[in-house]
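Content type mmCIF, C-alpha atoms, from the file start.cif:
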```cif
data_model
loop_
_atom_site.label_atom_id
_atom_site.label_comp_id
_atom_site.auth_asym_id
_atom_site.auth_seq_id
_atom_site.Cartn_x
_atom_site.Cartn_y
_atom_site.Cartn_z
CA MET A 1 60.02 -1.30 -73.93
CA ALA A 2 61.12 1.07 -71.32
CA GLU A 3 61.36 -0.34 -67.87
CA ILE A 4 59.26 1.29 -65.25
CA GLU A 5 61.19 2.00 -62.16
CA VAL A 6 59.32 2.41 -58.95
CA LYS A 7 60.62 5.40 -57.17
CA GLY A 8 60.69 6.11 -53.46
CA LYS A 9 60.39 3.77 -50.52
CA LYS A 10 58.84 0.47 -51.02
CA GLY A 11 56.33 -1.06 -48.68
CA MET A 12 53.13 0.07 -47.07
CA PRO A 13 51.51 3.20 -48.31
CA ARG A 14 50.85 5.71 -45.55
CA ILE A 15 47.27 5.89 -44.41
CA ASP A 16 46.06 8.86 -42.43
CA LEU A 17 44.78 7.31 -39.23
CA THR A 18 43.39 10.54 -37.72
CA PRO A 19 39.71 9.87 -38.57
CA MET A 20 40.01 6.36 -37.23
CA VAL A 21 41.39 7.66 -33.93
CA ASP A 22 38.57 10.19 -33.82
CA LEU A 23 36.03 7.47 -34.28
CA GLY A 24 37.74 5.29 -31.69
CA PHE A 25 37.63 7.97 -29.05
CA LEU A 26 34.08 8.94 -29.90
CA LEU A 27 32.85 5.40 -29.34
CA LEU A 28 35.00 5.14 -26.26
CA THR A 29 33.44 8.25 -24.77
CA PHE A 30 29.99 6.94 -25.59
CA PHE A 31 30.60 3.65 -23.83
CA ILE A 32 32.07 5.26 -20.74
CA MET A 33 29.15 7.67 -20.51
CA THR A 34 26.49 5.01 -20.87
CA THR A 35 28.10 2.70 -18.30
CA THR A 36 28.34 5.33 -15.59
CA MET A 37 25.01 6.92 -16.33
CA SER A 38 22.98 3.73 -16.32
CA LYS A 39 23.66 3.23 -12.58
CA PRO A 40 20.37 3.94 -10.87
CA LYS A 41 20.22 6.50 -8.10
CA ALA A 42 18.54 5.45 -4.94
CA MET A 43 17.19 6.90 -1.75
CA GLU A 44 17.99 4.99 1.40
CA ILE A 45 15.38 4.66 4.06
CA GLN A 46 15.36 3.17 7.48
CA MET A 47 12.05 1.92 8.76
CA PRO A 48 11.33 1.81 12.49
CA TYR A 49 12.39 -1.45 14.02
CA LYS A 50 9.39 -3.63 14.68
CA ASP A 51 9.49 -6.57 16.97
CA GLU A 52 6.65 -8.33 18.72
CA LYS A 53 8.94 -8.99 21.65
CA LEU A 54 9.58 -5.30 22.21
CA GLU A 55 7.94 -4.08 25.43
CA ASP A 56 6.14 -0.78 25.54
CA ALA A 57 8.63 0.44 28.11
CA ASP A 58 11.55 -0.12 25.73
CA LYS A 59 10.11 2.09 23.05
CA ASN A 60 11.23 5.63 22.62
CA LYS A 61 8.66 8.14 23.64
CA ILE A 62 8.25 11.34 21.72
CA LYS A 63 7.28 14.45 23.62
CA ASN A 64 4.13 16.17 22.50
CA ASP A 65 5.88 19.51 22.01
CA GLU A 66 8.52 18.27 19.61
CA ALA A 67 6.25 16.11 17.48
CA LEU A 68 4.60 16.88 14.18
CA THR A 69 2.23 14.33 12.73
CA ILE A 70 1.76 14.24 8.98
CA LEU A 71 -1.10 12.33 7.41
CA LEU A 72 -0.82 11.64 3.69
CA SER A 73 -4.13 11.39 1.96
CA LYS A 74 -5.72 11.27 -1.48
CA ASP A 75 -5.00 13.77 -4.28
CA HIS A 76 -1.55 14.40 -2.81
CA ARG A 77 -3.14 16.19 0.13
CA ILE A 78 -1.25 16.47 3.39
CA TYR A 79 -3.01 16.80 6.72
CA TYR A 80 -0.84 17.74 9.64
CA TYR A 81 -1.09 18.63 13.28
CA HIS A 82 1.34 19.44 16.04
CA GLY A 83 1.83 16.86 18.72
CA ILE A 84 1.05 13.17 18.62
CA GLY A 85 -2.70 13.52 18.95
CA ASP A 86 -3.13 10.96 21.70
CA ASP A 87 -5.42 13.03 23.89
CA PRO A 88 -9.05 12.31 22.92
CA ALA A 89 -10.38 15.07 25.17
CA ASN A 90 -8.30 17.67 23.40
CA PRO A 91 -8.16 16.89 19.67
CA PRO A 92 -5.41 18.66 17.73
CA LYS A 93 -6.06 21.30 15.12
CA VAL A 94 -5.67 19.53 11.80
CA GLU A 95 -4.62 21.60 8.82
CA VAL A 96 -4.31 20.82 5.11
CA THR A 97 -1.40 21.58 2.84
CA TYR A 98 0.25 20.29 -0.34
CA PHE A 99 3.68 19.55 -1.75
CA LYS A 100 4.80 22.95 -2.93
CA ASN A 101 8.04 24.85 -3.06
CA GLU A 102 6.46 27.88 -1.42
CA GLY A 103 3.73 27.84 1.20
CA GLY A 104 3.50 24.06 1.32
CA ILE A 105 4.60 21.39 3.73
CA ARG A 106 8.18 22.67 3.59
CA ASP A 107 7.26 25.93 5.29
CA VAL A 108 5.42 23.98 7.98
CA LEU A 109 8.53 21.91 8.66
CA ILE A 110 10.81 24.94 8.75
CA GLN A 111 8.40 26.68 11.12
CA LYS A 112 8.25 23.60 13.33
CA LYS A 113 12.03 23.45 13.58
CA LYS A 114 12.07 27.09 14.62
CA THR A 115 9.35 26.58 17.24
CA VAL A 116 11.20 23.65 18.78
CA GLN A 117 14.41 25.70 18.79
CA ASP A 118 12.57 28.51 20.61
CA LEU A 119 11.11 26.10 23.15
CA ILE A 120 14.60 24.76 23.83
CA SER A 121 15.99 28.24 24.39
CA GLN A 122 13.06 29.01 26.68
CA GLY A 123 13.88 25.90 28.65
CA VAL A 124 10.55 24.15 28.02
CA LEU A 125 12.33 21.37 26.17
CA GLY A 126 15.72 19.90 27.02
CA ALA A 127 18.81 20.63 24.92
CA LYS A 128 18.71 17.08 23.55
CA ASP A 129 15.16 17.32 22.25
CA ARG A 130 14.74 17.50 18.52
CA VAL A 131 11.93 17.77 16.02
CA ALA A 132 10.27 14.43 15.47
CA VAL A 133 8.03 13.92 12.48
CA ILE A 134 5.59 11.05 12.41
CA ILE A 135 4.45 10.15 8.93
CA LYS A 136 1.21 8.23 8.63
CA PRO A 137 0.25 7.41 5.06
CA ASP A 138 -3.44 6.79 4.51
CA ASP A 139 -4.59 3.98 2.21
CA ASP A 140 -5.43 6.27 -0.68
CA CYS A 141 -2.11 8.06 -1.00
CA THR A 142 0.48 6.95 -3.56
CA THR A 143 4.13 5.97 -3.55
CA ASP A 144 4.93 9.43 -4.91
CA ASP A 145 3.58 11.00 -1.73
CA LEU A 146 5.63 8.70 0.47
CA ILE A 147 8.86 9.35 -1.42
CA ASN A 148 8.18 13.07 -1.57
CA ILE A 149 7.59 13.40 2.14
CA LEU A 150 10.69 11.33 2.96
CA ASP A 151 12.61 13.57 0.60
CA GLU A 152 11.28 16.65 2.39
CA MET A 153 12.77 15.21 5.60
CA THR A 154 16.18 15.10 3.92
CA ILE A 155 15.73 18.52 2.34
CA ASN A 156 14.85 20.14 5.64
CA ALA A 157 17.33 18.11 7.70
CA ILE A 158 14.70 16.72 10.07
CA PRO A 159 16.68 14.64 12.56
CA VAL A 160 14.00 12.17 13.64
CA TYR A 161 11.23 10.82 11.48
CA ALA A 162 9.37 7.59 11.12
CA VAL A 163 6.76 6.06 8.87
CA VAL A 164 4.10 4.37 10.94
CA ASP A 165 0.69 2.84 10.29
CA ILE A 166 -2.28 5.14 10.33
CA THR A 167 -4.69 4.79 13.24
CA PRO A 168 -8.50 4.93 13.10
CA VAL A 169 -8.32 8.14 15.12
CA ASP A 170 -6.20 9.76 12.43
CA LYS A 171 -8.62 8.62 9.77
CA GLU A 172 -11.36 10.35 11.73
CA PHE A 173 -9.27 13.52 11.79
CA ILE A 174 -8.99 13.43 8.01
CA ALA A 175 -12.70 12.81 7.56
CA ALA A 176 -13.61 15.62 9.97
CA THR A 177 -11.27 18.08 8.24
CA GLU A 178 -12.64 17.12 4.85
CA LYS A 179 -16.16 17.72 6.08
CA ALA A 180 -15.24 21.09 7.51
CA ASN A 181 -13.64 22.23 4.24
CA PRO A 182 -15.80 21.01 1.37
CA GLN A 183 -14.24 21.68 -1.97
CA MET B 1 79.98 31.42 -37.34
CA PRO B 2 78.36 28.59 -39.07
CA LYS B 3 74.66 28.69 -39.33
CA ILE B 4 72.80 26.07 -37.47
CA LYS B 5 70.37 24.49 -39.75
CA MET B 6 67.22 23.43 -37.97
CA PRO B 7 65.94 20.30 -39.55
CA ARG B 8 62.41 20.85 -40.70
CA LYS B 9 60.21 18.37 -38.92
CA SER B 10 57.33 16.83 -40.65
CA THR B 11 53.93 17.62 -39.17
CA ASN B 12 52.83 14.13 -39.91
CA ILE B 13 52.47 12.28 -36.62
CA ASP B 14 52.21 8.58 -36.60
CA MET B 15 48.70 7.93 -35.40
CA THR B 16 49.01 4.15 -35.31
CA ALA B 17 49.87 3.96 -31.61
CA MET B 18 47.11 6.33 -30.60
CA CYS B 19 44.66 4.40 -32.70
CA ASP B 20 45.74 1.19 -31.01
CA VAL B 21 45.18 2.64 -27.57
CA ALA B 22 41.77 4.04 -28.49
CA PHE B 23 40.52 0.75 -29.82
CA LEU B 24 42.02 -1.24 -27.00
CA LEU B 25 40.14 0.87 -24.46
CA LEU B 26 37.04 0.72 -26.61
CA THR B 27 37.16 -3.06 -26.72
CA PHE B 28 37.67 -3.19 -22.98
CA PHE B 29 34.69 -1.00 -22.24
CA MET B 30 32.47 -2.83 -24.68
CA LEU B 31 33.28 -6.14 -23.08
CA ALA B 32 33.08 -4.82 -19.53
CA THR B 33 29.64 -3.34 -20.05
CA SER B 34 26.94 -5.72 -19.07
CA PHE B 35 23.70 -5.06 -20.76
CA LYS B 36 20.65 -4.75 -18.61
CA PRO B 37 18.06 -7.45 -19.02
CA PRO B 38 14.99 -6.11 -20.78
CA GLU B 39 12.58 -4.21 -18.58
CA VAL B 40 9.38 -6.16 -18.30
CA VAL B 41 7.23 -3.41 -16.90
CA ASP B 42 7.15 0.31 -17.31
CA VAL B 43 7.80 2.01 -14.03
CA ARG B 44 7.84 5.74 -13.52
CA THR B 45 10.09 6.18 -10.52
CA PRO B 46 9.39 9.10 -8.18
CA GLY B 47 11.88 11.94 -7.96
CA SER B 48 14.13 12.60 -4.99
CA THR B 49 17.14 14.75 -4.21
CA SER B 50 19.29 11.71 -3.46
CA THR B 51 22.26 11.30 -5.79
CA LYS B 52 23.66 8.17 -4.20
CA ALA B 53 24.33 5.37 -6.63
CA ILE B 54 23.17 2.03 -5.37
CA PRO B 55 25.95 -0.48 -4.64
CA GLU B 56 26.34 -3.49 -6.93
CA GLY B 57 24.67 -6.79 -6.28
CA TYR B 58 21.26 -5.76 -5.07
CA VAL B 59 17.95 -7.51 -5.12
CA LEU B 60 15.44 -5.51 -7.08
CA ILE B 61 11.77 -5.59 -6.20
CA THR B 62 9.74 -3.88 -8.87
CA LEU B 63 6.25 -2.65 -8.12
CA ASP B 64 4.22 -1.39 -11.02
CA LYS B 65 1.22 0.90 -11.16
CA GLU B 66 -1.29 -1.89 -10.67
CA GLY B 67 0.59 -3.25 -7.67
CA ARG B 68 2.17 -6.25 -9.39
CA VAL B 69 5.41 -7.33 -7.77
CA PHE B 70 8.43 -8.55 -9.72
CA TYR B 71 11.67 -9.98 -8.42
CA SER B 72 15.05 -9.69 -10.09
CA LEU B 73 18.68 -10.17 -9.25
CA ASP B 74 21.87 -9.67 -11.28
CA ASP B 75 24.16 -12.12 -9.54
CA ALA B 76 24.09 -15.28 -11.68
CA LEU B 77 25.80 -17.49 -9.08
CA ALA B 78 23.39 -16.53 -6.32
CA LYS B 79 20.45 -16.91 -8.70
CA ARG B 80 21.53 -20.41 -9.52
CA ALA B 81 21.69 -21.35 -5.85
CA ILE B 82 18.32 -19.73 -5.17
CA ILE B 83 16.46 -21.51 -7.94
CA GLU B 84 18.03 -24.83 -6.96
CA GLN B 85 16.85 -24.42 -3.40
CA ILE B 86 13.37 -23.29 -4.40
CA ASN B 87 13.13 -26.18 -6.83
CA GLN B 88 13.97 -28.57 -4.04
CA ASP B 89 11.85 -27.02 -1.30
CA LYS B 90 8.77 -26.50 -3.40
CA GLY B 91 9.17 -29.71 -5.43
CA LEU B 92 8.79 -27.91 -8.74
CA GLY B 93 10.72 -30.47 -10.77
CA LEU B 94 12.49 -27.92 -12.92
CA THR B 95 14.79 -29.18 -15.65
CA GLU B 96 18.36 -27.96 -16.11
CA LYS B 97 17.25 -25.78 -19.01
CA GLU B 98 14.45 -24.17 -17.03
CA MET B 99 16.81 -23.31 -14.22
CA GLN B 100 19.23 -21.83 -16.74
CA ASN B 101 16.35 -19.76 -18.12
CA PHE B 102 15.77 -18.36 -14.66
CA VAL B 103 19.44 -17.45 -14.24
CA LEU B 104 19.56 -15.67 -17.59
CA GLY B 105 16.09 -14.19 -17.46
CA GLY B 106 15.01 -10.80 -16.23
CA ALA B 107 12.38 -9.84 -13.71
CA LEU B 108 10.10 -12.60 -12.57
CA GLY B 109 6.49 -12.09 -11.62
CA VAL B 110 4.66 -15.41 -11.38
CA ARG B 111 3.43 -17.68 -8.62
CA PHE B 112 5.37 -20.80 -7.70
CA SER B 113 2.59 -22.88 -9.22
CA GLN B 114 3.14 -21.19 -12.59
CA LEU B 115 6.91 -21.04 -12.33
CA LYS B 116 7.65 -24.23 -14.26
CA ALA B 117 5.39 -23.34 -17.16
CA TYR B 118 6.85 -19.85 -17.25
CA LEU B 119 10.48 -20.96 -17.23
CA ALA B 120 9.81 -23.51 -19.95
CA LEU B 121 9.03 -20.65 -22.32
CA ASP B 122 11.61 -19.16 -24.66
CA PRO B 123 13.33 -16.06 -23.25
CA LYS B 124 11.60 -14.05 -25.98
CA ASP B 125 8.16 -15.34 -25.04
CA GLN B 126 8.97 -14.80 -21.36
CA THR B 127 9.27 -11.07 -21.89
CA ALA B 128 5.98 -11.03 -23.77
CA TYR B 129 4.29 -13.07 -21.08
CA ALA B 130 5.70 -10.93 -18.28
CA LYS B 131 3.67 -7.98 -19.52
CA THR B 132 0.53 -9.83 -18.50
CA ALA B 133 2.09 -11.67 -15.54
CA PRO B 134 0.09 -11.58 -12.31
CA GLY B 135 3.09 -10.63 -10.16
CA ILE B 136 4.42 -12.40 -7.09
CA PRO B 137 1.68 -12.68 -4.47
CA THR B 138 2.39 -10.70 -1.35
CA ASP B 139 0.57 -9.38 1.69
CA THR B 140 1.33 -8.07 5.14
CA THR B 141 1.74 -11.46 6.80
CA ASN B 142 4.80 -13.64 6.96
CA ASP B 143 3.08 -16.81 5.81
CA TYR B 144 5.30 -18.36 3.11
CA ASP B 145 2.35 -20.14 1.52
CA VAL B 146 0.45 -16.95 0.88
CA ASN B 147 3.18 -14.34 0.87
CA GLU B 148 5.48 -15.77 -1.79
CA LEU B 149 7.56 -12.62 -1.87
CA ALA B 150 8.58 -13.30 1.73
CA TYR B 151 9.78 -16.72 0.62
CA TRP B 152 11.80 -15.25 -2.21
CA ILE B 153 13.37 -12.69 0.10
CA ALA B 154 14.16 -15.26 2.77
CA THR B 155 15.82 -17.57 0.24
CA THR B 156 17.75 -14.67 -1.26
CA GLN B 157 18.96 -13.53 2.14
CA TYR B 158 20.26 -17.02 2.77
CA HIS B 159 22.32 -17.14 -0.43
CA LEU B 160 23.26 -13.51 -0.81
CA THR B 161 24.09 -12.22 2.63
CA LYS B 162 25.44 -8.88 1.50
CA GLY B 163 22.60 -8.19 -0.89
CA ARG B 164 20.84 -4.91 -0.42
CA ILE B 165 17.19 -4.57 -1.18
CA ALA B 166 16.16 -1.97 -3.71
CA ILE B 167 12.56 -1.17 -4.41
CA LYS B 168 11.64 0.30 -7.74
CA ALA B 169 8.11 1.45 -7.25
CA ASP B 170 5.87 3.34 -9.61
CA GLY B 171 4.95 6.77 -8.34
CA ASP B 172 1.28 6.10 -8.98
CA ALA B 173 1.17 2.80 -7.12
CA ALA B 174 -1.27 3.01 -4.23
CA TYR B 175 0.19 3.06 -0.74
CA PRO B 176 -1.32 -0.27 0.43
CA GLU B 177 0.62 -2.00 -2.35
CA ILE B 178 3.97 -0.55 -1.34
CA GLN B 179 3.10 -1.13 2.30
CA LYS B 180 2.71 -4.84 1.60
CA VAL B 181 6.26 -4.94 0.26
CA ILE B 182 7.65 -2.84 3.12
CA SER B 183 5.95 -4.91 5.78
CA THR B 184 7.07 -8.14 4.09
CA LEU B 185 10.64 -6.86 4.34
CA GLY B 186 9.99 -5.79 7.93
CA LYS B 187 8.86 -9.30 8.85
CA GLN B 188 12.15 -10.56 7.41
CA LYS B 189 13.93 -8.13 9.75
CA LEU B 190 14.96 -5.91 6.88
CA PHE B 191 14.39 -2.34 7.93
CA ARG B 192 16.97 -0.59 5.82
CA PHE B 193 16.55 -0.57 2.08
CA SER B 194 16.66 1.74 -0.92
CA PHE B 195 14.07 3.24 -3.15
CA ILE B 196 15.21 3.79 -6.72
CA THR B 197 14.40 7.36 -7.63
CA ASP B 198 14.98 9.88 -10.37
CA PRO B 199 17.44 12.61 -9.46
CA LYS B 200 15.81 15.96 -8.78
CA GLY B 201 17.33 19.37 -8.05
CA ILE B 202 17.65 20.56 -4.48
CA PRO B 203 15.35 23.54 -3.89
CA PRO B 204 17.35 26.62 -2.90
CA GLY B 205 16.97 28.17 0.53
CA THR B 206 16.51 24.86 2.34
CA ALA B 207 18.67 23.18 4.95
CA LEU B 208 19.98 20.61 2.48
CA TYR B 209 20.81 23.28 -0.10
CA ASP B 210 22.79 25.23 2.48
CA GLU B 211 24.66 22.13 3.49
CA GLN B 212 25.57 21.22 -0.08
CA TYR B 213 26.44 24.59 -1.53
CA GLY B 214 27.17 26.67 1.57
CA ASN B 215 24.91 29.29 3.03
CA THR B 216 24.31 31.68 0.17
CA LYS B 217 22.18 34.14 2.05
CA THR B 218 23.72 37.60 2.01
CA GLN B 219 23.64 39.18 5.39
#
```
Do you think you could lay out the structure here as structure tokens?
Amino acid sequence: MAEIEVKGKKGMPRIDLTPMVDLGFLLLTFFIMTTTMSKPKAMEIQMPYKDEKLEDADKNKIKNDEALTILLSKDHRIYYYHGIGDDPANPPKVEVTYFKNEGGIRDVLIQKKKTVQDLISQGVLGAKDRVAVIIKPDDDCTTDDLINILDEMTINAIPVYAVVDITPVDKEFIAATEKANPQ
Amino acid sequence: MPKIKMPRKSTNIDMTAMCDVAFLLLTFFMLATSFKPPEVVDVRTPGSTSTKAIPEGYVLITLDKEGRVFYSLDDALAKRAIIEQINQDKGLGLTEKEMQNFVLGGALGVRFSQLKAYLALDPKDQTAYAKTAPGIPTDTTNDYDVNELAYWIATTQYHLTKGRIAIKADGDAAYPEIQKVISTLGKQKLFRFSFITDPKGIPPGTALYDEQYGNTKTQ
């Protein structure tokens, strides 16, 4: 019987590890992606400071000329008027608009910023005055509306804005405008 | 002149080391990833242009379409301390296992009176039950007996001082529901918090767009 002689090096046979490396890196990429992407994104908001102890005199007053009041209502409708609407003898002109990229609330905000800028250059308002938007969500608007309007503030770089409770007077404004424009 | 003979190198590279590195990193990432507890309710978050990631260790208040409120927290240590305090203050008589269930469990949406029965359930049954859970009662007052969310927040603030508040609200939730949560937070002197939102593109031609990408108007 002839003896069989094993030729070559003894020991481990060579295995091509390339596919295994490929697989390793593929899974690695997947895990890195899913960890970083699962972090939720969030929008920060600052609500107006409320304190029962706060005197009326301590509160910041907004000038009528720099203010824009936005009322959020049902069906994603937005009612707005210039000023703070605190003069019962002279009710503001309430208009309706929607969330739209063109011809919606954004144009109103851009226009308002321009108007305030003009009033400052004319000397009607002081150099420190800025646009102030008062957001009053009605009971039948949704969270979407609130987030969208807050986002519009960021988009249009509105320096001062606040979410406050709606007043009965504002509700009357909405009802009156709805009556005037039946749809 | 003698010819220099270049030794022909083999194209075979030893992949063993590379393979080791790949799998080492893979193992690390697999272990470092913490899986999210199962979502109890479906929430369609509204879109916003914010791309800020929320910092770790936040208290999550979930508000679903029907206005049910759920409370969840990731920090196991803080959760343990919270449930121990609530157990003591409210006299719930929770067992060790029930408290452990709270620490490991996901979002919670039951009244204090139902808490013991809920935590006694298996984690699997908890998720099933949570779908029909009534939510944590809340309103615009600061009365701990009625506004149980206020109690949860107050206890959390005590044990987790750096905890931020994140609200994950459904876009279709009515405003009075979200207002209850906001005013509850306001009564606890929390005026700064985050809304979890879906990222959305910045519309061109606006102030924010100009700030982010430079003024692209050609003049």
Worksheet item: How would you write, as a PyMOL selection string, the residues chosen by the PyMOL selection byres ((chain A) within 7 of (chain B)) on this structure?
Response: chain A and resi 17-18+20-21+24-25+27-28+31-32+35+39-49+139-144+147-148+151+154-157
Discussion item. Please expand the PyMOL selection byres ((chain B and resi 72) around 6) into the concrete residues it hits in this file, giving the result as a count of residues only.
Written reply: 4
Might you pull out every residue within 8 Å of B:Val146, with all atoms listed in the file counted and same-chain residues fewer than 4 positions away left off, and present them as a JSON list (two decimals) with C-alpha atoms, in the coordinates of the input?
```json
[["chain", "number", "residue", "atom", "x", "y", "z"],
["B", 137, "PRO", "CA", 1.68, -12.68, -4.47],
["B", 138, "THR", "CA", 2.39, -10.70, -1.35],
["B", 139, "ASP", "CA", 0.57, -9.38, 1.69]]
```
Practice prompt. Neighbourhood query: residues within 9 Å of (18.7, -10.9, -0.9), file coordinates, counting only C-alpha atoms; return as a list in words.
Written response: Tyr58, Val59, Leu60, Leu73, Trp152, Ile153, Ala154, Thr155, Thr156, Gln157, Tyr158, His159, Leu160, Thr161, Lys162, Gly163, Arg164 and Ile165 of chain B
Practice prompt. List the neighbours of A:Val133 out to 10 Å using only C-alpha atoms; skip same-chain residues closer than 4 positions along the sequence, and give me the result as a VMD selection string.
Written response: chain A and resid 62 66 to 70 82 to 84 109 112 153 158 to 163
Worksheet item: So which residues get picked by the PyMOL selection byres ((chain A and resi 122-130) around 8) here, written as a PyMOL selection string?
Response: chain A and resi 65-66+116+118-121+131-132+159-160
Could you take the residues named above and write them with C-alpha atoms, as a PDB file, in the coordinates of the input?
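The result, stored in again_0.pdb:
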```
ATOM      1  CA  ASP A  65       5.880  19.510  22.010  1.00  0.00           C
ATOM      2  CA  GLU A  66       8.520  18.270  19.610  1.00  0.00           C
ATOM      3  CA  VAL A 116      11.200  23.650  18.780  1.00  0.00           C
ATOM      4  CA  ASP A 118      12.570  28.510  20.610  1.00  0.00           C
ATOM      5  CA  LEU A 119      11.110  26.100  23.150  1.00  0.00           C
ATOM      6  CA  ILE A 120      14.600  24.760  23.830  1.00  0.00           C
ATOM      7  CA  SER A 121      15.990  28.240  24.390  1.00  0.00           C
ATOM      8  CA  VAL A 131      11.930  17.770  16.020  1.00  0.00           C
ATOM      9  CA  ALA A 132      10.270  14.430  15.470  1.00  0.00           C
ATOM     10  CA  PRO A 159      16.680  14.640  12.560  1.00  0.00           C
ATOM     11  CA  VAL A 160      14.000  12.170  13.640  1.00  0.00           C
TER      12      VAL A 160
END
```
Worksheet item: Excluding same-chain residues fewer than 2 positions from stretch 113-124 of chain B, what lies within 8 Å of it counting only C-alpha atoms, as a ChimeraX atom specification?
Response: /B:92-94,97-99,101-102,105,110-111,126-128
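Atom CA of A:Lys136 lies 4.9 Å from atom CA of A:Leu71.
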Discussion item. Show me the residues close to (-0.7, -12.2, -14.0) - anything with an atom within 9 Å, counting all atoms listed in the file - and format the list as a PyMOL selection string.
Written reply: chain B and resi 68+109-111+129-136
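Here atom CA of B:Ala76 and atom CA of B:Leu108 stand 14.3 Å from one another.
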Response to the item:
atom CA of A:Tyr79 to atom CA of B:Lys200 measures 24.4 Å
Fill in: Which residue of B:Leu31, B:Val69, B:Met6, B:Ile83 approaches B:Val181 most closely, using all atoms listed in the file
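That would be B:Val69, the residue with the smallest distance to B:Val181.
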